[in-house]
$ cat run_37.txt   # compact mmCIF, C-alpha atoms
# COMPACT_ATOMS: atom_id res chain seq x y z
CA LEU A 6 18.99 -32.92 -101.88
CA TYR A 7 15.50 -31.62 -102.63
CA ILE A 8 14.96 -28.85 -105.14
CA ALA A 9 11.71 -27.03 -105.88
CA GLY A 10 10.10 -27.96 -109.16
CA THR A 11 7.62 -30.33 -110.70
CA ASN A 12 9.65 -31.23 -113.80
CA PRO A 13 13.24 -32.43 -113.28
CA GLU A 14 14.13 -31.50 -116.86
CA ASP A 15 13.50 -27.84 -116.04
CA ILE A 16 16.18 -27.82 -113.33
CA ILE A 17 19.81 -26.99 -114.09
CA TYR A 18 22.06 -28.78 -111.61
CA PRO A 19 25.67 -27.74 -110.93
CA SER A 20 28.30 -30.27 -111.98
CA THR A 21 29.35 -30.62 -108.34
CA CYS A 22 26.00 -32.15 -107.42
CA PRO A 23 26.28 -35.99 -107.66
CA GLU A 24 23.74 -37.81 -109.78
CA GLN A 25 22.64 -40.02 -106.88
CA ASN A 26 21.78 -36.96 -104.77
CA ARG A 27 19.56 -35.33 -107.38
CA ALA A 28 15.86 -35.50 -106.87
CA ALA A 29 13.02 -33.26 -107.93
CA HIS A 30 10.31 -32.76 -105.38
CA ALA A 31 7.19 -30.67 -105.76
CA LEU A 32 7.44 -27.83 -103.26
CA THR A 33 5.87 -24.41 -103.01
CA THR A 34 8.04 -21.34 -102.60
CA SER A 35 7.03 -21.10 -98.94
CA GLU A 36 8.35 -24.60 -98.18
CA ARG A 37 11.97 -25.49 -97.48
CA PHE A 38 14.46 -27.89 -98.94
CA TRP A 39 17.82 -28.91 -97.60
CA TYR A 40 21.14 -30.62 -98.13
CA ASP A 41 21.57 -33.46 -95.66
CA GLU A 42 24.98 -34.95 -96.39
CA GLY A 43 28.34 -34.27 -98.02
CA GLN A 44 31.12 -31.76 -97.69
CA PRO A 45 30.46 -28.03 -97.21
CA ALA A 46 29.59 -26.70 -100.64
CA PHE A 47 27.87 -23.75 -102.21
CA PHE A 48 25.75 -24.29 -105.30
CA GLU A 49 23.05 -22.67 -107.38
CA VAL A 50 20.28 -24.02 -109.57
CA VAL A 51 17.86 -22.29 -111.90
CA PHE A 52 14.19 -23.16 -112.17
CA ASN A 53 11.66 -21.08 -114.14
CA ASN A 54 14.12 -18.18 -114.33
CA GLN A 55 14.61 -18.11 -110.56
CA VAL A 56 17.93 -18.72 -108.85
CA TYR A 57 18.23 -21.08 -105.88
CA GLN A 58 21.20 -21.23 -103.54
CA CYS A 59 22.09 -23.43 -100.59
CA SER A 60 25.14 -24.50 -98.63
CA ASN A 61 25.64 -27.46 -96.36
CA ALA A 62 25.43 -26.18 -92.83
CA GLY A 63 23.65 -29.13 -91.21
CA GLU A 64 20.40 -27.26 -90.93
CA ASP A 65 17.45 -26.06 -92.98
CA CYS A 66 17.78 -23.09 -95.27
CA GLU A 67 15.32 -20.23 -95.58
CA ILE A 68 14.70 -17.26 -97.87
CA MET A 69 17.62 -15.10 -98.91
CA ILE A 70 17.70 -11.87 -100.90
CA SER A 71 21.44 -11.28 -101.37
CA THR A 72 24.38 -13.60 -101.68
CA GLN A 73 25.64 -13.38 -98.12
CA ARG A 74 22.86 -11.86 -95.99
CA ASN A 75 19.94 -13.76 -94.48
CA ARG A 76 16.47 -12.30 -94.87
CA GLU A 77 12.99 -13.28 -93.71
CA SER A 78 11.02 -15.86 -95.67
CA GLY A 79 7.93 -15.18 -97.70
CA VAL A 80 9.35 -12.47 -99.95
CA THR A 81 7.80 -12.36 -103.42
CA ILE A 82 10.00 -10.95 -106.17
CA THR A 83 9.77 -10.92 -109.94
CA PRO A 84 13.02 -12.25 -111.42
CA SER A 85 14.86 -10.59 -114.27
CA PRO A 86 14.36 -12.53 -117.53
CA THR A 87 17.82 -11.48 -118.70
CA PHE A 88 19.67 -12.78 -115.67
CA THR A 89 22.26 -15.48 -116.29
CA PRO A 90 23.76 -17.27 -113.27
CA SER A 91 27.51 -17.67 -113.00
CA ALA A 92 28.85 -20.92 -114.44
CA THR A 93 31.15 -21.47 -111.47
CA PRO A 94 29.51 -20.56 -108.16
CA SER A 95 31.76 -19.29 -105.39
CA LEU A 96 32.50 -21.63 -102.50
CA THR A 97 31.33 -20.67 -99.05
CA ALA A 98 30.65 -22.47 -95.81
CA THR A 99 28.12 -19.91 -94.64
CA ALA A 100 24.58 -21.15 -94.03
CA VAL A 101 22.44 -19.54 -96.69
CA ILE A 102 18.96 -19.99 -97.96
CA ALA A 103 17.52 -22.49 -100.32
CA THR A 104 14.28 -20.88 -101.44
CA PRO A 105 14.34 -18.63 -104.55
CA ILE A 106 16.77 -15.73 -104.58
CA ALA A 107 15.41 -12.84 -106.55
CA ALA A 108 17.38 -12.33 -109.71
CA ALA A 109 16.73 -8.62 -109.30
CA GLU A 110 18.75 -8.70 -106.07
CA TRP A 111 21.76 -10.67 -107.31
CA THR A 112 25.17 -9.18 -106.47
CA LEU A 113 28.79 -9.39 -107.50
CA PRO A 114 31.22 -11.46 -105.40
CA MET A 115 32.52 -9.62 -102.35
CA PRO A 116 36.31 -9.30 -102.23
CA ASN A 117 38.20 -10.40 -99.14
CA LEU A 118 38.74 -7.01 -97.56
CA ASP A 119 41.60 -6.77 -95.08
CA CYS A 120 40.70 -3.84 -92.82
CA ARG A 121 43.45 -3.19 -90.26
CA VAL A 122 43.05 -1.09 -87.10
CA GLU A 123 45.32 -0.11 -84.21
CA ARG A 124 45.05 1.73 -80.91
CA LYS A 125 44.98 5.51 -81.39
CA PHE A 126 46.02 6.95 -78.02
CA ILE A 127 48.86 5.83 -75.77
CA ASP A 128 47.43 7.49 -72.65
CA ARG A 129 43.77 6.62 -73.20
CA PHE A 130 41.90 3.34 -73.00
CA SER A 131 40.80 1.67 -76.21
CA ASN A 132 38.19 -0.59 -74.71
CA ILE A 133 36.89 -3.66 -76.46
CA ARG A 134 33.19 -4.09 -75.75
CA ALA A 135 30.85 -7.04 -76.10
CA GLU A 136 28.44 -5.09 -78.33
CA PRO A 137 28.76 -1.97 -80.52
CA SER A 138 27.70 0.35 -77.70
CA THR A 139 29.43 2.36 -74.97
CA ASN A 140 26.92 0.86 -72.54
CA ALA A 141 28.01 -2.70 -73.34
CA SER A 142 30.33 -4.57 -70.98
CA ILE A 143 34.09 -4.18 -71.42
CA VAL A 144 35.66 -7.49 -72.47
CA GLY A 145 39.22 -6.31 -73.10
CA GLU A 146 41.52 -3.52 -74.15
CA LEU A 147 43.28 -2.94 -77.44
CA GLU A 148 46.99 -2.95 -76.69
CA THR A 149 49.21 -0.10 -77.86
CA THR A 150 51.16 -2.34 -80.19
CA ASP A 151 48.16 -4.18 -81.62
CA ASP A 152 47.47 -4.17 -85.36
CA VAL A 153 44.36 -6.28 -85.82
CA LYS A 154 41.85 -7.06 -88.54
CA ALA A 155 38.32 -5.65 -88.38
CA THR A 156 35.60 -7.65 -90.09
CA ASP A 157 32.48 -5.49 -89.84
CA ALA A 158 31.35 -1.93 -89.15
CA VAL A 159 28.10 -0.86 -87.47
CA TYR A 160 26.81 2.67 -86.93
CA ASN A 161 25.29 3.43 -83.52
CA SER A 162 22.85 6.24 -84.34
CA GLU A 163 22.15 7.03 -80.67
CA GLU A 164 25.83 7.67 -79.97
CA GLY A 165 26.79 9.00 -83.40
CA TYR A 166 29.77 6.65 -83.76
CA TRP A 167 30.82 3.81 -86.01
CA TRP A 168 32.00 0.63 -84.29
CA TYR A 169 34.38 -1.93 -85.79
CA ARG A 170 34.23 -5.63 -84.99
CA ILE A 171 37.58 -7.20 -84.13
CA ASP A 172 38.48 -10.56 -82.65
CA GLY A 173 36.95 -10.54 -79.17
CA GLY A 174 34.46 -7.69 -79.50
CA TRP A 175 33.88 -4.16 -80.79
CA VAL A 176 35.96 -0.95 -80.73
CA ARG A 177 34.69 2.59 -81.29
CA GLU A 178 36.11 4.53 -84.23
CA ASP A 179 37.33 7.50 -82.19
CA VAL A 180 39.79 5.39 -80.16
CA ILE A 181 41.39 3.55 -83.10
CA ASN A 182 43.34 4.35 -86.24
CA THR A 183 42.08 2.69 -89.40
CA LEU A 184 45.10 1.72 -91.45
CA ASN A 185 43.67 1.40 -94.97
CA ASP A 186 40.73 2.25 -97.23
CA HIS A 187 39.15 -1.16 -96.69
CA CYS A 188 37.99 -0.11 -93.23
CA LEU A 189 35.90 2.60 -94.84
CA TYR A 190 34.50 0.13 -97.37
CA LEU A 191 33.02 -1.91 -94.52
CA LYS A 192 30.53 0.92 -94.03
CA PHE A 193 29.23 0.47 -97.59
CA LEU A 194 28.73 -3.29 -97.72
CA ASP A 195 25.01 -3.45 -96.91
CA GLY A 196 24.07 -1.23 -99.82
CA TYR A 197 26.55 -2.97 -102.06
CA GLN A 198 25.16 -6.43 -101.38
CA ASN A 199 21.58 -5.50 -102.17
CA GLN A 200 22.25 -4.14 -105.64
CA ALA A 201 20.64 -5.22 -108.88
CA PRO A 202 22.51 -7.56 -111.23
CA LEU A 203 25.43 -5.90 -113.00
CA SER A 204 23.92 -6.70 -116.40
CA GLN A 205 20.76 -4.86 -115.38
CA ALA A 206 22.75 -1.87 -114.07
CA ILE A 207 24.84 -1.67 -117.24
CA ASN A 208 21.70 -1.74 -119.36
CA ALA A 209 20.29 1.19 -117.38
CA ALA A 210 23.64 3.02 -117.45
CA SER A 211 23.90 2.71 -121.22
CA ASN A 212 20.94 5.05 -121.68
CA PRO A 213 20.65 8.65 -120.48
CA PRO A 214 19.74 8.27 -116.79
CA ALA A 215 16.66 9.55 -115.07
CA ASP A 216 17.00 12.13 -112.32
CA ASN A 217 16.78 9.42 -109.69
CA TRP A 218 19.89 7.43 -110.68
CA THR A 219 20.90 5.15 -107.81
CA PRO A 220 24.66 4.78 -107.17
CA TYR A 221 25.97 1.36 -108.16
CA TYR A 222 29.21 0.04 -106.63
CA ALA A 223 31.70 -2.66 -107.51
CA PHE A 224 35.33 -3.52 -106.76
CA ILE A 225 38.37 -3.32 -109.04
CA ASN A 226 41.66 -4.54 -107.56
CA ASN A 227 39.90 -4.56 -104.16
CA VAL A 228 39.19 -0.83 -104.59
CA MET A 229 35.61 0.37 -104.47
CA VAL A 230 34.36 2.06 -107.65
CA ALA A 231 31.09 3.61 -108.79
CA LEU A 232 29.34 3.15 -112.13
CA VAL A 233 29.03 6.37 -114.15
CA PRO A 234 26.11 6.12 -116.59
CA ALA A 235 25.95 7.61 -120.05
CA GLY A 236 24.18 10.95 -120.30
CA CYS A 237 24.37 14.62 -121.21
CA TYR A 238 24.91 17.85 -119.30
CA THR A 239 25.98 21.46 -119.79
CA MET A 240 29.74 21.84 -119.41
CA GLY A 241 31.01 25.18 -118.15
CA MET A 242 28.99 28.22 -117.13
CA GLY A 243 27.89 31.52 -118.66
CA GLU A 244 29.31 32.35 -122.07
CA GLU A 245 31.47 29.21 -121.98
CA ALA A 246 28.56 26.84 -121.37
CA HIS A 247 28.12 24.16 -124.01
CA PRO A 248 26.34 20.79 -124.15
CA LYS A 249 28.42 17.63 -123.82
CA CYS A 250 27.53 13.96 -123.63
CA ILE A 251 29.11 10.86 -122.11
CA ASP A 252 28.44 8.17 -124.68
CA GLU A 253 29.51 5.07 -122.76
CA PRO A 254 29.37 4.15 -119.06
CA PHE A 255 32.59 3.73 -117.10
CA TRP A 256 33.82 3.14 -113.53
CA VAL A 257 35.49 5.65 -111.22
CA ASP A 258 37.12 5.49 -107.76
CA ILE A 259 34.62 6.58 -105.15
CA PHE A 260 37.49 8.05 -103.10
CA GLU A 261 40.64 9.97 -103.90
CA VAL A 262 43.74 7.77 -103.93
CA SER A 263 44.95 7.56 -100.32
CA ASN A 264 48.43 7.33 -98.82
CA ALA A 265 47.81 3.69 -97.95
CA ARG A 266 46.75 2.84 -101.47
CA TYR A 267 49.59 4.76 -103.15
CA GLY A 268 52.02 2.90 -100.99
CA ASP A 269 55.17 4.93 -100.28
CA ILE A 270 56.13 7.84 -98.06
CA ASN A 271 54.40 11.13 -98.78
CA ILE A 272 57.02 13.70 -99.76
CA CYS A 273 54.84 16.67 -98.77
CA GLN A 274 56.50 18.79 -96.11
CA ASN A 275 54.61 19.31 -92.85
CA LEU A 276 51.82 17.00 -93.93
CA SER A 277 50.70 13.81 -92.27
CA ASN A 278 51.30 10.39 -93.76
CA ALA A 279 48.04 9.14 -92.21
CA PRO A 280 47.01 6.13 -94.30
CA ASN A 281 43.46 7.23 -95.11
CA GLN A 282 44.26 10.80 -96.05
CA PRO A 283 44.49 11.64 -99.76
CA ARG A 284 47.84 11.28 -101.43
CA LEU A 285 49.14 14.81 -102.05
CA CYS A 286 52.13 16.50 -103.74
CA ILE A 287 51.52 14.26 -106.76
CA LYS A 288 52.87 15.31 -110.14
CA TRP A 289 50.60 14.80 -113.12
CA THR A 290 52.85 12.10 -114.59
CA GLU A 291 52.86 10.21 -111.28
CA ALA A 292 49.06 10.27 -111.16
CA ARG A 293 48.80 9.22 -114.80
CA ASP A 294 51.25 6.35 -114.36
CA PHE A 295 49.59 5.10 -111.17
CA CYS A 296 46.18 4.89 -112.84
CA HIS A 297 47.66 3.14 -115.87
CA ALA A 298 49.26 0.56 -113.58
CA GLU A 299 45.83 -0.03 -112.02
CA GLY A 300 44.28 -0.69 -115.43
CA GLY A 301 42.69 2.74 -115.73
CA SER A 302 43.46 6.37 -116.49
CA LEU A 303 42.86 9.84 -115.14
CA LEU A 304 39.44 11.36 -115.70
CA SER A 305 39.13 13.87 -118.51
CA GLU A 306 37.81 17.21 -117.32
CA LYS A 307 34.59 16.51 -119.25
CA GLU A 308 34.13 13.29 -117.26
CA TRP A 309 35.09 14.92 -113.95
CA GLU A 310 32.56 17.73 -114.35
CA TYR A 311 29.83 15.30 -115.42
CA ILE A 312 30.42 13.22 -112.27
CA ALA A 313 30.34 16.37 -110.13
CA ARG A 314 27.31 18.10 -111.70
CA GLY A 315 25.23 15.41 -113.37
CA PRO A 316 22.38 15.81 -115.86
CA ASN A 317 20.78 18.44 -113.59
CA ASN A 318 23.83 20.72 -114.02
CA ASN A 319 24.26 21.32 -110.29
CA ILE A 320 26.74 23.90 -109.06
CA TYR A 321 28.05 21.45 -106.44
CA PRO A 322 27.94 17.65 -106.26
CA TRP A 323 25.18 17.77 -103.63
CA GLY A 324 23.07 20.51 -105.24
CA ASN A 325 23.16 24.30 -105.59
CA THR A 326 23.54 25.45 -101.98
CA PRO A 327 27.05 26.21 -100.66
CA ALA A 328 28.32 24.11 -97.78
CA THR A 329 30.22 25.00 -94.61
CA ASP A 330 33.74 23.87 -93.74
CA ASP A 331 32.43 21.30 -91.27
CA GLN A 332 30.43 19.66 -94.08
CA VAL A 333 33.12 19.72 -96.79
CA VAL A 334 36.91 19.66 -96.32
CA PHE A 335 38.17 23.18 -97.03
CA LYS A 336 39.45 26.17 -95.02
CA ARG A 337 41.99 24.01 -93.14
CA LEU A 338 45.11 26.19 -93.48
CA GLU A 339 46.41 25.13 -90.06
CA GLN A 340 45.24 21.52 -90.30
CA PRO A 341 46.00 18.52 -92.48
CA PRO A 342 43.41 17.16 -94.91
CA ALA A 343 40.73 14.82 -93.58
CA ASP A 344 40.45 11.09 -94.08
CA ILE A 345 38.84 10.24 -97.41
CA GLY A 346 35.07 9.75 -97.48
CA THR A 347 34.41 11.14 -94.00
CA HIS A 348 32.25 14.09 -95.10
CA PRO A 349 29.08 12.51 -96.54
CA LEU A 350 27.57 15.77 -97.84
CA ASP A 351 30.37 15.94 -100.42
CA LYS A 352 28.93 13.06 -102.43
CA SER A 353 27.87 13.28 -106.06
CA TRP A 354 24.84 11.78 -107.77
CA VAL A 355 26.87 8.70 -108.84
CA GLY A 356 28.16 8.03 -105.30
CA VAL A 357 31.62 9.64 -105.56
CA TYR A 358 33.08 11.44 -102.52
CA ASP A 359 35.30 14.48 -101.89
CA LEU A 360 35.05 16.15 -105.30
CA MET A 361 34.70 19.55 -103.63
CA GLY A 362 37.10 19.08 -100.74
CA ASN A 363 40.28 17.50 -99.40
CA ALA A 364 42.48 17.34 -102.54
CA ARG A 365 42.21 19.27 -105.78
CA GLU A 366 42.35 16.61 -108.50
CA TRP A 367 44.37 16.16 -111.66
CA THR A 368 42.50 15.45 -114.88
CA SER A 369 43.95 14.09 -118.10
CA SER A 370 43.07 17.25 -120.05
CA LEU A 371 45.39 19.98 -121.30
CA ASN A 372 44.57 23.63 -120.67
CA LYS A 373 42.79 24.57 -123.88
CA ASP A 374 39.90 26.96 -124.53
CA TYR A 375 36.28 25.86 -124.61
CA PRO A 376 34.33 24.33 -126.19
CA TYR A 377 35.80 21.05 -125.04
CA ASN A 378 36.81 18.80 -127.94
CA ALA A 379 38.53 15.52 -127.10
CA THR A 380 39.95 15.26 -130.64
CA ASP A 381 41.74 18.63 -130.76
CA GLY A 382 44.87 17.36 -128.98
CA ARG A 383 43.87 18.31 -125.43
CA GLU A 384 43.90 14.65 -124.38
CA ALA A 385 47.49 14.05 -125.53
CA GLN A 386 49.12 12.04 -122.74
CA HIS A 387 52.83 12.75 -123.24
CA GLU A 388 54.63 14.52 -120.42
CA ASN A 389 55.64 17.85 -122.02
CA ALA A 390 52.40 18.74 -123.79
CA GLY A 391 51.63 21.70 -121.51
CA TYR A 392 49.67 22.70 -118.44
CA ARG A 393 46.95 20.29 -117.27
CA ILE A 394 43.55 21.11 -115.82
CA ALA A 395 42.88 20.39 -112.15
CA ARG A 396 39.37 20.37 -110.71
CA GLY A 397 37.59 20.83 -107.39
CA SER A 398 38.28 22.60 -104.10
CA SER A 399 41.05 21.60 -101.73
CA TYR A 400 41.51 21.63 -97.98
CA LEU A 401 43.60 24.83 -98.36
CA ASP A 402 40.89 26.90 -100.09
CA ASN A 403 39.29 29.67 -98.05
CA SER A 404 36.03 29.26 -99.94
CA LEU A 405 34.42 26.62 -102.10
CA VAL A 406 34.91 26.71 -105.83
CA GLU A 407 32.17 25.60 -108.21
CA ALA A 408 32.14 22.26 -110.00
CA TYR A 409 32.66 23.97 -113.37
CA ASP A 410 35.80 25.90 -112.31
CA ARG A 411 39.11 25.03 -114.02
CA PHE A 412 42.64 25.31 -112.61
CA PRO A 413 45.62 25.13 -115.00
CA ARG A 414 48.60 23.48 -113.26
CA ASP A 415 52.17 22.70 -114.27
CA PRO A 416 52.33 18.90 -114.59
CA ALA A 417 55.95 18.86 -113.41
CA TYR A 418 55.00 20.05 -109.92
CA GLY A 419 52.97 18.33 -107.25
CA ASP A 420 51.55 21.03 -105.01
CA ASN A 421 50.61 20.16 -101.45
CA ASP A 422 46.92 20.21 -102.26
CA MET A 423 47.07 18.12 -105.45
CA GLY A 424 45.64 14.60 -105.50
CA PHE A 425 43.80 12.38 -107.94
CA ARG A 426 41.45 9.47 -108.56
CA CYS A 427 41.25 6.94 -111.39
CA ARG A 428 38.62 5.90 -113.93
CA TYR A 429 38.29 2.48 -115.57
CA PRO A 430 36.60 1.10 -118.69
CA LEU A 431 33.25 -0.62 -118.29
CA SER A 432 34.90 -3.96 -119.08
CA ALA A 433 37.09 -3.74 -115.95
CA VAL A 434 34.26 -5.36 -113.97
CA GLU A 435 33.19 -8.70 -115.37
CA VAL A 436 29.51 -9.37 -115.92
CA GLN A 437 28.75 -12.71 -114.25
$ encode --input "run_37.txt" --output "structure tokens"
Amino acid sequence: LYIAGTNPEDIIYPSTCPEQNRAAHALTTSERFWYDEGQPAFFEVVFNNQVYQCSNAGEDCEIMISTQRNRESGVTITPSPTFTPSATPSLTATAVIATPIAAAEWTLPMPNLDCRVERKFIDRFSNIRAEPSTNASIVGELETTDDVKATDAVYNSEEGYWWYRIDGGWVREDVINTLNDHCLYLKFLDGYQNQAPLSQAINAASNPPADNWTPYYAFINNVMVALVPAGCYTMGMGEEAHPKCIDEPFWVDIFEVSNARYGDINICQNLSNAPNQPRLCIKWTEARDFCHAEGGSLLSEKEWEYIARGPNNNIYPWGNTPATDDQVVFKRLEQPPADIGTHPLDKSWVGVYDLMGNAREWTSSLNKDYPYNATDGREAQHENAGYRIARGSSYLDNSLVEAYDRFPRDPAYGDNDMGFRCRYPLSAVEVQ
């Protein structure tokens, strides 16, 4: 085992590295070092504030920017002086790189996502192709009864379709059903893996953000969440407008809770139980209790509006220009709601989807007059406190509402356009 460095005392070895295999060898960052013998293992060392990783794959390692993606060598990056490597590195048998990994590109561990797909049409071929392209050779057909795991998703920009990798090849998204939210998460993994360290993101999120805040994602209970930074905005509009601030960062579901995630049969009449559609006909207490069981809570209406409008006080999550019903999920009186996250225009500044379409969403807040005051009893969480505020447009609306609009609803009833999402404390994701 050769590790870059001129002074062995400056190198921190993992406990799994045997004494007899340790050797310091003067190398430049453009040279390579390797692990010749032993069982497959993943380890990290720190030298001059830079993190080195390598796994035994029987071959040389080269430069790597993120934990699980190979990159070209020769990249020069300034490490973060505040970065602290994890004490117990994750095990992997994947060949990774052994030259410095930029601390500024370190990422959280990726959960083991179990994306399941099945054939969509009985009377139409669901071809499996050798490559993610309609022009690629056909190597098989997805059987009607198949329920298989997909491990990757690739967008073919020439065709305008996503393709999912399954055992044996690739299937196009329009000929399969995706059976859970995890299939949608596969489309986000590239951006997720190239994020800054969580400690760095939390530091930035703890101060009022600049206009160019970059969405930051993590996973809680294998559910993808976005980091909501602290900051201030104007709540409400017109005579009711008043300044409010979010004092501490928190996490929020990037998607509305789906049928698959909620887990039992949807009681809504005449509505689909499609797994990736938002869970509807939810009473306020059911939404509250579900989020509590997940370690979180419902968003307050102050938090919901901040996520939707941001420090620029936008009218809509994407800006101030209204959208059409093919860009956002509304005006679907004769159709069911859409799958979550499938309308990318309806995305807020923190990376949260479907705030203005699909389901109208419960908040934790009681229907009380402005100005909003969290200490005046409006955040009482017992069942019979009164009407609760719902936010956002739904698939049944004939026109878009604005992000500051409020909808008092009886918490004892779950209308067929009512859904929800959960928020979580900052501590729900562990800083490594």
$ closest_residue --input "run_37.txt" --among "A:Thr139, A:Thr380, A:Thr183, A:Asn161" --to "Ile345 in chain A" --atoms "all atoms listed in the file"
A:Thr183
$ residues_around --input "run_37.txt" --residues "Trp168 in chain A" --least-positions-apart "2" --cutoff "8 Å" --atoms "all atoms listed in the file" --output "ChimeraX atom specification"
/A:137-138,158-161,166,170,175-178
$ closest_residue --input "run_37.txt" --among "A:Met361, A:Ile207, A:Leu371, A:Cys120" --to "Ala408 in chain A" --atoms "all atoms listed in the file"
A:Met361
$ atom_distance --input "run_37.txt" --atom1 "CA of Pro430 in chain A" --atom2 "CA of Trp256 in chain A"
6.2 Å
$ atom_distance --input "run_37.txt" --atom1 "CA of Lys352 in chain A" --atom2 "CA of Asn378 in chain A"
27.3 Å
$ atom_distance --input "run_37.txt" --atom1 "CA of Val262 in chain A" --atom2 "CA of Val233 in chain A"
18.0 Å
$ closest_residue --input "run_37.txt" --among "A:Asn199, A:Asn208, A:Ser398, A:Gln386" --to "Tyr222 in chain A" --atoms "all atoms listed in the file"
A:Asn199
$ residues_around --input "run_37.txt" --residues "Arg396 in chain A" --least-positions-apart "3" --cutoff "9 Å" --atoms "all atoms listed in the file" --output "list in words"
Glu306, Trp309, Glu310, Leu360, Met361, Arg365, Glu366, Trp367, Thr368, Ala408, Tyr409, Asp410, Arg411, Phe412 and Pro413 of chain A
$ closest_residue --input "run_37.txt" --among "A:Asp119, A:Glu435, A:Asp152, A:Asp172" --to "His187 in chain A" --atoms "all atoms listed in the file"
A:Asp119
$ closest_residue --input "run_37.txt" --among "A:Leu350, A:Met229, A:Leu118, A:Cys188" --to "Ala328 in chain A" --atoms "all atoms listed in the file"
A:Leu350
$ residues_around --input "run_37.txt" --residues "Ile320 in chain A" --least-positions-apart "2" --cutoff "12 Å" --atoms "only C-alpha atoms" --output "JSON list (two decimals) with C-alpha atoms, keeping the file's coordinate frame"
[["chain", "number", "residue", "atom", "x", "y", "z"],
["A", 239, "THR", "CA", 25.98, 21.46, -119.79],
["A", 240, "MET", "CA", 29.74, 21.84, -119.41],
["A", 241, "GLY", "CA", 31.01, 25.18, -118.15],
["A", 242, "MET", "CA", 28.99, 28.22, -117.13],
["A", 310, "GLU", "CA", 32.56, 17.73, -114.35],
["A", 311, "TYR", "CA", 29.83, 15.30, -115.42],
["A", 312, "ILE", "CA", 30.42, 13.22, -112.27],
["A", 313, "ALA", "CA", 30.34, 16.37, -110.13],
["A", 314, "ARG", "CA", 27.31, 18.10, -111.70],
["A", 315, "GLY", "CA", 25.23, 15.41, -113.37],
["A", 316, "PRO", "CA", 22.38, 15.81, -115.86],
["A", 317, "ASN", "CA", 20.78, 18.44, -113.59],
["A", 318, "ASN", "CA", 23.83, 20.72, -114.02],
["A", 322, "PRO", "CA", 27.94, 17.65, -106.26],
["A", 323, "TRP", "CA", 25.18, 17.77, -103.63],
["A", 324, "GLY", "CA", 23.07, 20.51, -105.24],
["A", 325, "ASN", "CA", 23.16, 24.30, -105.59],
["A", 326, "THR", "CA", 23.54, 25.45, -101.98],
["A", 327, "PRO", "CA", 27.05, 26.21, -100.66],
["A", 328, "ALA", "CA", 28.32, 24.11, -97.78],
["A", 353, "SER", "CA", 27.87, 13.28, -106.06],
["A", 360, "LEU", "CA", 35.05, 16.15, -105.30],
["A", 361, "MET", "CA", 34.70, 19.55, -103.63],
["A", 397, "GLY", "CA", 37.59, 20.83, -107.39],
["A", 405, "LEU", "CA", 34.42, 26.62, -102.10],
["A", 406, "VAL", "CA", 34.91, 26.71, -105.83],
["A", 407, "GLU", "CA", 32.17, 25.60, -108.21],
["A", 408, "ALA", "CA", 32.14, 22.26, -110.00],
["A", 409, "TYR", "CA", 32.66, 23.97, -113.37],
["A", 410, "ASP", "CA", 35.80, 25.90, -112.31]]
$ residues_around --input "run_37.txt" --residues "Glu146 in chain A" --least-positions-apart "5" --cutoff "8 Å" --atoms "only C-alpha atoms" --output "PyMOL selection string"
chain A and resi 130-133
$ closest_residue --input "run_37.txt" --among "A:Pro234, A:Ala206, A:Val257, A:Glu291" --to "Ala433 in chain A" --atoms "only C-alpha atoms"
A:Val257
